[in-house]
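J.: File follows, input_11.cif with mmCIF, C-alpha atoms:
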data_coords
loop_
_atom_site.label_atom_id
_atom_site.label_comp_id
_atom_site.auth_asym_id
_atom_site.auth_seq_id
_atom_site.Cartn_x
_atom_site.Cartn_y
_atom_site.Cartn_z
CA MET A 1 44.99 22.28 -109.73
CA GLY A 2 46.47 21.93 -113.17
CA VAL A 3 45.32 19.44 -115.76
CA LEU A 4 47.85 16.81 -116.74
CA MET A 5 48.13 16.08 -120.43
CA SER A 6 49.75 13.08 -122.03
CA LYS A 7 52.63 13.62 -124.44
CA LYS A 8 50.38 12.76 -127.37
CA GLN A 9 47.75 15.29 -126.26
CA GLN A 10 50.43 17.98 -125.99
CA VAL A 11 51.63 17.19 -129.51
CA GLU A 12 48.07 17.30 -130.87
CA LYS A 13 47.49 20.66 -129.15
CA VAL A 14 50.66 22.10 -130.69
CA GLN A 15 49.62 20.75 -134.10
CA LYS A 16 46.20 22.37 -133.81
CA CYS A 17 47.76 25.71 -132.82
CA THR A 18 50.17 25.46 -135.73
CA ALA A 19 47.29 24.74 -138.11
CA VAL A 20 45.40 27.83 -136.85
CA VAL A 21 48.47 30.06 -137.26
CA SER A 22 49.11 28.68 -140.75
CA ALA A 23 45.50 29.33 -141.76
CA PHE A 24 45.72 32.88 -140.42
CA GLN A 25 48.96 33.53 -142.31
CA ALA A 26 47.46 32.05 -145.47
CA GLY A 27 44.47 34.39 -145.09
CA LEU A 28 46.75 37.41 -144.80
CA LYS A 29 48.66 36.35 -147.91
CA ASP A 30 45.45 35.90 -149.90
CA ARG A 31 44.23 39.31 -148.77
CA ALA A 32 47.53 40.95 -149.79
CA VAL A 33 47.39 39.26 -153.21
CA THR A 34 43.81 40.45 -153.76
CA VAL A 35 44.76 44.05 -152.93
CA LYS A 36 47.75 43.95 -155.25
CA GLN A 37 45.66 42.52 -158.06
CA ALA A 38 43.09 45.29 -157.66
CA GLU A 39 45.80 47.98 -157.69
CA GLY A 40 47.41 46.34 -160.70
CA GLN A 41 44.14 46.41 -162.63
CA VAL A 42 43.73 50.14 -161.95
CA GLU A 43 47.30 50.90 -163.02
CA GLU A 44 46.87 48.73 -166.10
CA GLY A 45 43.74 50.64 -167.11
CA GLU A 46 45.55 53.96 -166.74
CA GLY A 47 48.56 52.59 -168.57
CA HIS A 48 46.52 51.45 -171.56
CA ALA A 49 45.12 54.92 -171.90
CA LYS A 50 48.62 56.45 -172.04
CA THR A 51 50.37 53.77 -174.10
CA ASN A 52 51.28 54.66 -177.67
CA PRO A 53 51.39 52.09 -180.55
CA ASP A 54 55.20 51.62 -180.32
CA GLU A 55 55.06 50.82 -176.60
CA LYS A 56 52.19 48.38 -177.24
CA ASN A 57 54.25 46.49 -179.84
CA THR A 58 57.18 46.31 -177.42
CA GLN A 59 54.93 44.96 -174.65
CA ASP A 60 53.45 42.36 -177.01
CA ALA A 61 56.94 41.15 -177.93
CA VAL A 62 57.95 40.88 -174.26
CA GLN A 63 54.70 39.04 -173.41
CA GLU A 64 55.27 36.54 -176.25
CA GLU A 65 58.82 35.88 -175.03
CA ASN A 66 57.57 35.30 -171.48
CA ASP A 67 54.90 32.90 -172.71
CA ASN A 68 57.48 30.93 -174.66
CA SER A 69 59.80 30.70 -171.65
CA ALA A 70 56.93 29.71 -169.34
CA SER A 71 55.77 26.77 -171.48
CA PRO A 72 57.73 23.57 -170.69
CA SER A 73 59.90 22.08 -173.40
CA THR A 74 59.49 18.54 -174.68
CA SER A 75 62.55 17.38 -172.69
CA GLN A 76 61.15 18.96 -169.51
CA GLN A 77 57.84 17.20 -170.03
CA ALA A 78 59.65 13.89 -170.57
CA SER A 79 61.68 14.35 -167.36
CA ALA A 80 58.57 14.90 -165.22
CA PRO A 81 57.83 11.15 -164.76
CA THR A 82 61.51 10.61 -163.92
CA ARG A 83 61.34 13.22 -161.15
CA ASP A 84 58.17 11.63 -159.79
CA GLU A 85 59.86 8.22 -159.77
CA CYS A 86 62.86 9.66 -157.93
CA ASN A 87 60.56 11.16 -155.31
CA VAL A 88 58.84 7.82 -154.80
CA ASN A 89 62.21 6.06 -154.43
CA GLN A 90 63.43 8.74 -152.02
CA GLU A 91 60.35 8.25 -149.81
CA ALA A 92 60.92 4.49 -149.89
CA TRP A 93 64.54 4.93 -148.73
CA SER A 94 63.26 7.23 -145.98
CA ARG A 95 60.77 4.63 -144.78
CA LEU A 96 63.51 2.02 -144.78
CA ARG A 97 65.90 4.23 -142.82
CA ASP A 98 63.69 5.51 -139.99
CA GLY A 99 60.82 3.02 -140.02
CA LYS A 100 58.32 5.85 -140.38
CA GLY A 101 58.60 7.36 -143.85
CA VAL A 102 57.61 10.87 -144.85
CA GLU A 103 56.76 13.36 -142.15
CA PRO A 104 53.13 13.41 -140.94
CA GLU A 105 52.54 16.91 -142.32
CA ASP A 106 53.54 15.69 -145.80
CA LEU A 107 51.03 12.83 -145.81
CA ASP A 108 47.74 13.22 -147.65
CA LYS A 109 45.32 11.89 -145.03
CA THR A 110 41.59 12.13 -144.53
CA HIS A 111 41.87 11.34 -140.83
CA GLN A 112 43.67 12.93 -137.88
CA LEU A 113 45.75 9.98 -136.64
CA THR A 114 49.50 10.31 -137.04
CA PRO A 115 51.96 7.41 -137.39
CA PRO A 116 54.27 7.11 -134.37
CA ALA A 117 57.93 8.02 -134.73
CA PHE A 118 60.04 4.88 -134.33
CA VAL A 119 63.34 5.27 -132.51
CA ARG A 120 66.08 2.82 -133.41
CA PRO A 121 67.98 1.26 -130.49
CA LYS A 122 71.49 2.30 -129.52
CA ARG A 123 74.30 0.02 -128.45
CA GLU A 124 75.35 0.47 -124.83
CA PRO A 125 78.91 -0.12 -123.56
CA ASP A 126 77.81 -3.21 -121.61
CA ASP A 127 75.70 -4.75 -124.39
CA ASP A 128 78.09 -7.65 -124.88
CA GLN A 129 78.35 -8.48 -121.19
CA PRO A 130 76.35 -11.43 -119.77
CA ILE A 131 72.94 -10.56 -118.35
CA GLU A 132 71.54 -12.48 -115.40
CA VAL A 133 67.96 -13.72 -115.87
CA ASP A 134 66.43 -15.67 -112.97
CA LEU A 135 65.03 -19.02 -114.09
CA TYR A 136 62.52 -19.42 -111.27
CA LYS A 137 61.17 -15.88 -111.05
CA LYS A 138 58.62 -15.05 -113.73
CA GLU A 139 58.33 -11.40 -114.68
CA GLU A 140 54.68 -11.56 -115.83
CA PRO A 141 54.47 -8.03 -117.30
CA ARG A 142 51.00 -6.52 -117.47
CA SER A 143 49.67 -5.12 -120.73
CA ASP A 144 48.99 -1.41 -120.93
CA GLU A 145 45.52 -0.21 -120.03
CA MET A 146 45.08 2.35 -122.82
CA CYS A 147 45.37 2.09 -126.59
CA ASP A 148 48.87 2.98 -127.76
CA VAL A 149 47.42 5.12 -130.57
CA CYS A 150 44.51 7.10 -129.07
CA GLU A 151 45.27 6.58 -125.35
CA VAL A 152 41.67 5.59 -124.58
CA TRP A 153 40.60 2.67 -122.37
CA THR A 154 37.71 0.52 -123.65
CA ALA A 155 38.21 -2.78 -121.77
CA ASP A 156 37.61 -5.86 -123.96
CA ASP A 157 37.86 -3.91 -127.22
CA LEU A 158 41.64 -3.62 -126.82
CA TYR A 159 43.93 -6.13 -128.54
CA PRO A 160 47.29 -6.89 -126.81
CA CYS A 161 50.64 -7.60 -128.43
CA ARG A 162 52.22 -10.93 -127.46
CA ILE A 163 55.75 -9.44 -127.56
CA CYS A 164 55.47 -6.05 -125.84
CA THR A 165 52.93 -4.49 -123.45
CA ARG A 166 51.16 -2.31 -126.03
CA VAL A 167 47.42 -2.68 -126.71
CA PHE A 168 45.41 -1.33 -129.66
CA HIS A 169 41.95 -0.67 -131.00
CA ASP A 170 41.33 -2.34 -134.35
CA GLY A 171 39.80 0.92 -135.59
CA CYS A 172 42.94 2.88 -134.68
CA LEU A 173 45.17 0.45 -136.59
CA ARG A 174 42.83 0.62 -139.56
CA GLU A 175 42.94 4.43 -139.55
CA LEU A 176 46.73 4.41 -139.38
CA GLY A 177 46.81 2.17 -142.45
CA TYR A 178 49.28 -0.30 -140.93
CA LEU A 179 47.08 -3.37 -141.30
CA ARG A 180 45.04 -4.52 -144.29
CA ALA A 181 41.60 -6.06 -143.87
CA GLU A 182 42.89 -9.65 -143.73
CA ALA A 183 45.61 -8.71 -141.21
CA LEU A 184 43.04 -6.98 -139.02
CA GLN A 185 40.88 -10.08 -139.03
CA GLU A 186 43.91 -12.20 -138.11
CA MET A 187 44.56 -9.87 -135.17
CA ARG A 188 40.96 -10.18 -133.96
CA ASP A 189 41.14 -13.98 -134.22
CA THR A 190 44.51 -14.53 -132.51
CA ALA A 191 45.25 -11.61 -130.15
CA HIS A 192 43.36 -13.17 -127.22
CA THR A 193 44.50 -16.76 -127.89
CA VAL A 194 47.59 -18.71 -126.81
CA THR A 195 49.18 -18.05 -130.22
CA GLY A 196 48.87 -14.30 -129.83
CA TRP A 197 49.52 -11.45 -132.23
CA SER A 198 52.52 -9.11 -132.57
CA CYS A 199 51.98 -5.40 -133.19
CA TYR A 200 53.32 -3.45 -136.17
CA TYR A 201 56.40 -2.41 -134.16
CA CYS A 202 57.41 -5.89 -132.92
CA ASP A 203 56.48 -7.47 -136.27
CA ASN A 204 59.21 -5.47 -138.04
CA LEU A 205 62.59 -6.94 -137.07
CA ASN A 206 64.35 -4.26 -139.11
CA LEU A 207 63.55 -1.80 -136.31
CA LEU A 208 65.95 -3.73 -134.04
CA LEU A 209 68.91 -2.49 -136.11
CA THR A 210 70.85 0.55 -134.94
CA GLU A 211 71.40 3.56 -137.19
CA GLU A 212 74.89 2.29 -138.04
CA GLU A 213 73.68 -1.22 -138.86
CA MET A 214 70.84 0.18 -140.95
CA TYR A 215 73.23 2.44 -142.84
CA SER A 216 75.46 -0.55 -143.65
CA LEU A 217 72.49 -2.54 -144.95
CA MET A 218 71.19 0.39 -147.01
CA GLU A 219 74.58 0.92 -148.63
CA THR A 220 74.64 -2.73 -149.69
CA PHE A 221 71.14 -2.38 -151.16
CA LYS A 222 72.14 0.74 -153.09
CA GLN A 223 75.31 -0.83 -154.48
CA CYS A 224 73.24 -3.78 -155.71
CA LYS A 225 70.62 -1.37 -157.13
CA ILE A 226 67.84 -2.86 -155.01
CA ILE A 227 64.90 -0.49 -154.66
CA PRO A 228 63.11 -0.60 -151.29
CA GLU A 229 59.52 -1.86 -151.20
CA SER A 230 59.94 -3.59 -154.57
CA CYS A 231 59.66 -7.30 -155.35
CA LEU A 232 62.78 -9.30 -156.20
CA VAL A 233 63.18 -11.93 -158.91
CA SER A 234 65.60 -14.85 -158.56
CA ASP A 235 68.39 -13.22 -160.61
CA GLU A 236 68.32 -10.14 -158.37
CA LEU A 237 68.54 -12.28 -155.23
CA LEU A 238 71.47 -14.25 -156.69
CA GLN A 239 73.26 -11.05 -157.67
CA TYR A 240 72.73 -9.66 -154.17
CA ARG A 241 74.05 -12.85 -152.50
CA HIS A 242 77.13 -12.85 -154.77
CA PHE A 243 77.86 -9.23 -153.83
CA VAL A 244 77.51 -9.95 -150.08
CA SER A 245 79.78 -13.00 -150.40
CA LYS A 246 82.48 -10.93 -152.13
CA GLN A 247 82.08 -8.19 -149.56
CA GLN A 248 82.36 -10.49 -146.53
CA PHE A 249 84.52 -13.39 -147.75
CA GLU A 250 86.13 -11.96 -150.92
CA LYS A 251 84.87 -14.82 -153.08
CA ASP A 252 81.87 -15.79 -155.21
CA LEU A 253 79.20 -18.22 -154.16
CA THR A 254 79.85 -21.86 -154.92
CA ASP A 255 77.42 -23.89 -157.01
CA GLU A 256 76.02 -25.46 -153.85
CA GLN A 257 75.49 -22.04 -152.28
CA GLU A 258 73.71 -20.82 -155.42
CA GLU A 259 71.38 -23.81 -155.23
CA GLU A 260 70.70 -22.95 -151.59
CA VAL A 261 69.81 -19.36 -152.54
CA LEU A 262 67.43 -20.60 -155.24
CA ALA A 263 65.87 -22.99 -152.71
CA GLN A 264 65.34 -20.06 -150.34
CA PHE A 265 63.77 -18.08 -153.19
CA ALA A 266 61.40 -20.95 -153.96
CA ALA A 267 60.47 -21.23 -150.27
CA LEU A 268 59.61 -17.53 -150.14
CA ASP A 269 57.56 -17.82 -153.34
CA PRO A 270 55.21 -20.73 -152.54
CA GLU A 271 52.58 -19.48 -155.00
CA LYS A 272 55.13 -19.49 -157.86
CA LYS A 273 54.65 -15.82 -158.72
CA GLY A 274 58.24 -15.51 -159.92
CA HIS A 275 59.19 -12.95 -157.26
CA ILE A 276 59.47 -12.56 -153.49
CA GLU A 277 57.90 -9.82 -151.41
CA TRP A 278 60.00 -6.99 -150.01
CA SER A 279 58.95 -7.71 -146.40
CA ASP A 280 60.22 -11.30 -146.63
CA PHE A 281 63.55 -10.20 -148.11
CA LEU A 282 64.04 -7.42 -145.55
CA TYR A 283 63.16 -9.79 -142.70
CA PHE A 284 65.85 -12.28 -143.65
CA GLU A 285 68.52 -9.62 -144.30
CA SER A 286 67.79 -7.91 -140.98
CA LEU A 287 68.30 -11.24 -139.20
CA ALA A 288 71.59 -11.69 -141.07
CA VAL A 289 72.79 -8.26 -139.86
CA LEU A 290 71.84 -9.11 -136.26
CA ARG A 291 73.80 -12.36 -136.43
CA LYS A 292 76.79 -10.60 -138.00
CA PHE A 293 77.12 -7.59 -135.68
CA ARG A 294 75.56 -8.75 -132.38
CA THR A 295 76.85 -11.19 -129.79
CA GLU A 296 74.54 -13.67 -128.08
CA ASN A 297 74.53 -11.55 -124.92
CA SER A 298 73.52 -8.51 -126.96
CA LEU A 299 70.63 -10.42 -128.56
CA VAL A 300 69.36 -11.49 -125.12
CA ARG A 301 69.07 -7.81 -124.18
CA LEU A 302 66.68 -7.33 -127.10
CA LEU A 303 64.19 -9.85 -125.69
CA THR A 304 61.12 -8.47 -123.95
CA ALA A 305 59.83 -9.63 -120.57
CA LYS A 306 57.07 -11.63 -122.27
CA GLU A 307 59.60 -13.44 -124.45
CA ARG A 308 61.80 -14.24 -121.46
CA ASP A 309 58.77 -15.67 -119.63
CA THR A 310 57.96 -17.87 -122.61
CA ALA A 311 61.56 -19.10 -122.72
CA ARG A 312 61.34 -19.93 -118.99
CA SER A 313 58.24 -22.03 -119.54
CA VAL A 314 59.88 -23.94 -122.41
CA PHE A 315 63.07 -24.61 -120.43
CA GLN A 316 61.23 -25.66 -117.25
CA GLY A 317 59.05 -28.01 -119.31
CA LEU A 318 62.20 -29.81 -120.50
CA ASP A 319 64.00 -29.68 -117.15
CA LEU A 320 62.00 -32.47 -115.50
CA ASP A 321 64.42 -33.09 -112.60
CA LYS A 322 64.56 -29.32 -111.85
CA ASP A 323 68.36 -29.21 -111.72
CA GLY A 324 68.61 -26.22 -114.07
CA VAL A 325 70.22 -28.28 -116.86
CA ILE A 326 68.86 -29.85 -120.06
CA THR A 327 70.57 -31.84 -122.82
CA ARG A 328 71.89 -30.34 -126.02
CA ALA A 329 69.31 -32.31 -128.02
CA GLU A 330 66.49 -30.88 -125.89
CA CYS A 331 67.91 -27.40 -126.40
CA ARG A 332 67.86 -27.88 -130.17
CA GLN A 333 64.34 -29.24 -130.01
CA ALA A 334 63.19 -26.21 -128.03
CA GLN A 335 64.80 -23.81 -130.50
CA GLN A 336 63.01 -25.46 -133.38
CA SER A 337 59.74 -25.29 -131.43
CA TRP A 338 59.78 -21.52 -131.79
CA PHE A 339 59.06 -22.17 -135.47
CA GLU A 340 56.56 -24.97 -134.80
CA LYS A 341 58.86 -27.23 -136.83
CA LEU A 342 60.88 -30.13 -135.35
CA LYS A 343 63.81 -31.55 -137.27
CA LYS A 344 64.36 -35.30 -137.52
CA ASP A 345 67.78 -35.06 -135.88
CA SER A 346 66.52 -33.16 -132.85
CA GLN A 347 66.35 -36.40 -130.84
CA SER A 348 70.03 -37.21 -131.27
CA CYS A 349 72.22 -38.85 -128.64
CA ASN A 350 74.02 -35.59 -127.90
CA VAL A 351 73.72 -35.27 -124.11
CA ARG A 352 76.10 -32.35 -123.52
CA PRO A 353 74.40 -30.30 -120.78
CA VAL A 354 72.95 -26.86 -121.40
CA THR A 355 72.31 -24.46 -118.53
CA TRP A 356 69.49 -21.89 -118.44
CA ALA A 357 71.91 -19.05 -119.25
CA ASP A 358 73.34 -20.96 -122.24
CA PHE A 359 69.86 -21.87 -123.43
CA LEU A 360 68.72 -18.24 -123.36
CA ARG A 361 71.82 -17.00 -125.20
CA GLU A 362 71.71 -19.69 -127.88
CA SER A 363 67.95 -19.33 -128.39
CA GLY A 364 67.90 -15.52 -128.60
CA ILE A 365 68.09 -15.36 -132.39
CA TYR A 366 65.32 -17.99 -132.70
CA ILE A 367 63.03 -16.10 -130.33
CA LEU A 368 63.56 -12.83 -132.21
CA ALA A 369 63.09 -14.53 -135.58
CA ALA A 370 59.68 -15.84 -134.51
CA ARG A 371 58.28 -12.38 -133.75
CA PRO A 372 56.50 -11.65 -137.08
CA ASN A 373 52.90 -12.80 -137.44
CA SER A 374 53.43 -14.23 -140.92
CA SER A 375 54.68 -17.80 -140.68
CA ALA A 376 55.73 -17.53 -144.33
CA MET A 377 58.82 -15.64 -143.22
CA HIS A 378 60.26 -17.55 -140.30
CA ILE A 379 59.18 -21.16 -140.88
CA ARG A 380 60.67 -21.72 -144.32
CA LEU A 381 64.12 -20.20 -143.99
CA PRO A 382 66.90 -21.83 -141.96
CA LEU A 383 68.95 -19.56 -139.76
#
Please render this file's structure as structure tokens.

T.:
Amino acid sequence: MGVLMSKKQQVEKVQKCTAVVSAFQAGLKDRAVTVKQAEGQVEEGEGHAKTNPDEKNTQDAVQEENDNSASPSTSQQASAPTRDECNVNQEAWSRLRDGKGVEPEDLDKTHQLTPPAFVRPKREPDDDQPIEVDLYKKEEPRSDEMCDVCEVWTADDLYPCRICTRVFHDGCLRELGYLRAEALQEMRDTAHTVTGWSCYYCDNLNLLLTEEEMYSLMETFKQCKIIPESCLVSDELLQYRHFVSKQQFEKDLTDEQEEEVLAQFAALDPEKKGHIEWSDFLYFESLAVLRKFRTENSLVRLLTAKERDTARSVFQGLDLDKDGVITRAECRQAQQSWFEKLKKDSQSCNVRPVTWADFLRESGIYILAARPNSSAMHIRLPL
């Protein structure tokens, strides 16, 4: 009876075989070089014995010319840092495009764990069509039994994601380098609580964009000369917003809109550092792309079973008479509750009814926006 291997185990086996073959080939190359060097030394000794003074002068001149050509010029030395900077920027663009970055074999690691390859979603022909979600039938998805990284089961040592069904070992996440020490501690403190914790995949809303949507966003960044993974000052954010306004509406921002942008910048820089982090900026721009290119029905299709169950609980808590309808004011209050922030006007006299289907469609963007663990991103910025 054959032994079944997981996909990850098959990949690891192929990688090990490839490493063995590479080492063997490298050994053959080293052996060939050693033999050639030995033969060259013998021929050189015989050649010196037969070389006359004229030939020696000619060889010295050729050797001097080769030495001069081999030594880098001052301009080449000055361009070296520029090439290194270009390589760093290229890797940053790669990480932004595919969510993974450089290939695993190009990474300088001291451990054997390999980052997973993220696959961006694709739009289906029926994405914009309504999707039927039963209000009274909870899906209650079960979390996976094995760690998503190492595929090992260790019971209580696994930490679940509140958005998807993946579970993780804290040690595996630390080895992958996705979470810093403080983020790991936050995961340990919240993963098994009502608040919950979202994994590195669900935490990154940019991974919800398709290849086409990501390409459009990257082109805008490049035209505004925004370097991925870099911090932005207020002037850069204003310049970017002006460019987007001209691109979409063919006009500059008004004075009021500029003040709103500066207010957003201040909200994202609560410690008054004078800049905003790249993750905060990318989060907000990814949401803007989703709102621009996706319909409400398409956004509902991005919700996971856990998120739909949470939405059911919120709606049923407001629907006290169990008629499947709530007021518009209650709908607005529920949407704001995703951010743990109620607005003063949420208790207005607007009593226009909202059905479960309408509630789910209108709340989709709020549910997605609340995925990241950091409240600094989704509490302070209005949608």

J.: Since I can't run it myself right now, could you work out what the PyMOL selection byres ((chain A and resi 309) around 12) selects here and report it as a ChimeraX atom specification?

T.: /A:133-141,162-164,303-308,310-316,360,367

J.: Please, what distance in Å, to one decimal, runs between atom CA of A:Pro130 and atom CA of A:Glu362?

T.: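 Atom CA of A:Glu362 lies 12.5 Å from atom CA of A:Pro130.
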
J.: So, with only C-alpha atoms as the atoms that count, which of A:Pro160, A:Pro372, A:Gly324, A:Pro353 lies closest to A:Ala191?

T.: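 Closest to A:Ala191 of all the choices is A:Pro160.
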
J.: Just to confirm, what's the straight-line distance from atom CA of A:Met187 to atom CA of A:Cys172 in Å (one decimal)?

T.: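 A separation of 12.9 Å between them.
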
J.: Report, in Å with one decimal, the straight-line distance from atom CA of A:Ala334 to atom CA of A:Asn206.

T.: 24.6 Å

J.: Taking (59.8, -7.7, -159.0) in the coordinates of the supplied file, I want to know which residues reach to within 7 Å of it, counting all atoms listed in the file; could you give the answer as a list in words?

T.: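 Those residues, ordered by chain and then number, are Ser230, Cys231, Leu232, Val233 and His275 of chain A.
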
J.: Need the neighbours of (58.7, -17.7, -157.6): which residues are at most 12 Å away, counting only C-alpha atoms, as an MDAnalysis selection string?

T.: chainID A and resid 231:235 237 262:277

J.: Just so the selection is clear, what residues does the PyMOL selection byres ((chain A and resi 355) around 8) cover here, as an MDAnalysis selection string?

T.: chainID A and resid 324:326 353:354 356:359

J.: Got time to write the residues from that selection, C-alpha atoms, as a PDB file, in the frame of the given file?

T.:
ATOM      1  CA  GLY A 324      68.610 -26.220-114.070  1.00  0.00           C
ATOM      2  CA  VAL A 325      70.220 -28.280-116.860  1.00  0.00           C
ATOM      3  CA  ILE A 326      68.860 -29.850-120.060  1.00  0.00           C
ATOM      4  CA  PRO A 353      74.400 -30.300-120.780  1.00  0.00           C
ATOM      5  CA  VAL A 354      72.950 -26.860-121.400  1.00  0.00           C
ATOM      6  CA  TRP A 356      69.490 -21.890-118.440  1.00  0.00           C
ATOM      7  CA  ALA A 357      71.910 -19.050-119.250  1.00  0.00           C
ATOM      8  CA  ASP A 358      73.340 -20.960-122.240  1.00  0.00           C
ATOM      9  CA  PHE A 359      69.860 -21.870-123.430  1.00  0.00           C
TER      10      PHE A 359
END

J.: So which residues touch A:Glu212 within 12 Å, counting all atoms listed in the file, skipping near sequence neighbours fewer than 2 positions away, as number ranges by chain?

T.: A: 97-98, 120-123, 208-210, 214-219, 289-290, 293

J.: Using only C-alpha atoms, please write the residues we just selected to a file, as an mmCIF file, keeping the file's coordinate frame.

T.:
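File result-v4.cif, as written:
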data_model
loop_
_atom_site.group_PDB
_atom_site.id
_atom_site.type_symbol
_atom_site.label_atom_id
_atom_site.label_comp_id
_atom_site.auth_asym_id
_atom_site.auth_seq_id
_atom_site.Cartn_x
_atom_site.Cartn_y
_atom_site.Cartn_z
ATOM 1 C CA ARG A 97 65.900 4.230 -142.820
ATOM 2 C CA ASP A 98 63.690 5.510 -139.990
ATOM 3 C CA ARG A 120 66.080 2.820 -133.410
ATOM 4 C CA PRO A 121 67.980 1.260 -130.490
ATOM 5 C CA LYS A 122 71.490 2.300 -129.520
ATOM 6 C CA ARG A 123 74.300 0.020 -128.450
ATOM 7 C CA LEU A 208 65.950 -3.730 -134.040
ATOM 8 C CA LEU A 209 68.910 -2.490 -136.110
ATOM 9 C CA THR A 210 70.850 0.550 -134.940
ATOM 10 C CA MET A 214 70.840 0.180 -140.950
ATOM 11 C CA TYR A 215 73.230 2.440 -142.840
ATOM 12 C CA SER A 216 75.460 -0.550 -143.650
ATOM 13 C CA LEU A 217 72.490 -2.540 -144.950
ATOM 14 C CA MET A 218 71.190 0.390 -147.010
ATOM 15 C CA GLU A 219 74.580 0.920 -148.630
ATOM 16 C CA VAL A 289 72.790 -8.260 -139.860
ATOM 17 C CA LEU A 290 71.840 -9.110 -136.260
ATOM 18 C CA PHE A 293 77.120 -7.590 -135.680
#

J.: Taking the partial coordinates given, rebuild stretch 249-267 of chain A to contain N, CA and C atoms; return it as a short mmCIF file (atom, residue, chain, number, x, y, z; two decimals), in the frame of the given file.

T.:
data_model
loop_
_atom_site.label_atom_id
_atom_site.label_comp_id
_atom_site.auth_asym_id
_atom_site.auth_seq_id
_atom_site.Cartn_x
_atom_site.Cartn_y
_atom_site.Cartn_z
N PHE A 249 83.53 -12.31 -147.67
CA PHE A 249 84.52 -13.39 -147.75
C PHE A 249 85.47 -13.26 -148.93
N GLU A 250 85.27 -12.22 -149.76
CA GLU A 250 86.13 -11.96 -150.92
C GLU A 250 86.13 -13.12 -151.90
N LYS A 251 84.99 -13.75 -152.09
CA LYS A 251 84.87 -14.82 -153.08
C LYS A 251 83.41 -14.98 -153.50
N ASP A 252 83.22 -15.56 -154.69
CA ASP A 252 81.87 -15.79 -155.21
C ASP A 252 81.22 -16.98 -154.51
N LEU A 253 79.92 -17.07 -154.69
CA LEU A 253 79.20 -18.22 -154.16
C LEU A 253 79.58 -19.48 -154.93
N THR A 254 79.62 -20.58 -154.25
CA THR A 254 79.85 -21.86 -154.92
C THR A 254 78.54 -22.32 -155.56
N ASP A 255 78.63 -23.36 -156.37
CA ASP A 255 77.42 -23.89 -157.01
C ASP A 255 76.42 -24.38 -155.96
N GLU A 256 76.91 -24.99 -154.90
CA GLU A 256 76.02 -25.46 -153.85
C GLU A 256 75.33 -24.29 -153.15
N GLN A 257 76.07 -23.22 -152.92
CA GLN A 257 75.49 -22.04 -152.28
C GLN A 257 74.45 -21.38 -153.18
N GLU A 258 74.71 -21.36 -154.49
CA GLU A 258 73.71 -20.82 -155.42
C GLU A 258 72.43 -21.63 -155.38
N GLU A 259 72.57 -22.95 -155.32
CA GLU A 259 71.38 -23.81 -155.23
C GLU A 259 70.62 -23.54 -153.93
N GLU A 260 71.35 -23.26 -152.85
CA GLU A 260 70.70 -22.95 -151.59
C GLU A 260 69.92 -21.63 -151.68
N VAL A 261 70.50 -20.64 -152.36
CA VAL A 261 69.81 -19.36 -152.54
C VAL A 261 68.53 -19.55 -153.35
N LEU A 262 68.61 -20.34 -154.42
CA LEU A 262 67.43 -20.60 -155.24
C LEU A 262 66.37 -21.37 -154.45
N ALA A 263 66.82 -22.26 -153.55
CA ALA A 263 65.87 -22.99 -152.71
C ALA A 263 65.18 -22.04 -151.74
N GLN A 264 65.92 -21.07 -151.21
CA GLN A 264 65.34 -20.06 -150.34
C GLN A 264 64.33 -19.21 -151.11
N PHE A 265 64.69 -18.86 -152.36
CA PHE A 265 63.77 -18.08 -153.19
C PHE A 265 62.47 -18.85 -153.41
N ALA A 266 62.59 -20.14 -153.73
CA ALA A 266 61.40 -20.95 -153.96
C ALA A 266 60.55 -21.05 -152.69
N ALA A 267 61.21 -21.13 -151.52
CA ALA A 267 60.47 -21.23 -150.27
C ALA A 267 59.71 -19.94 -149.97
#
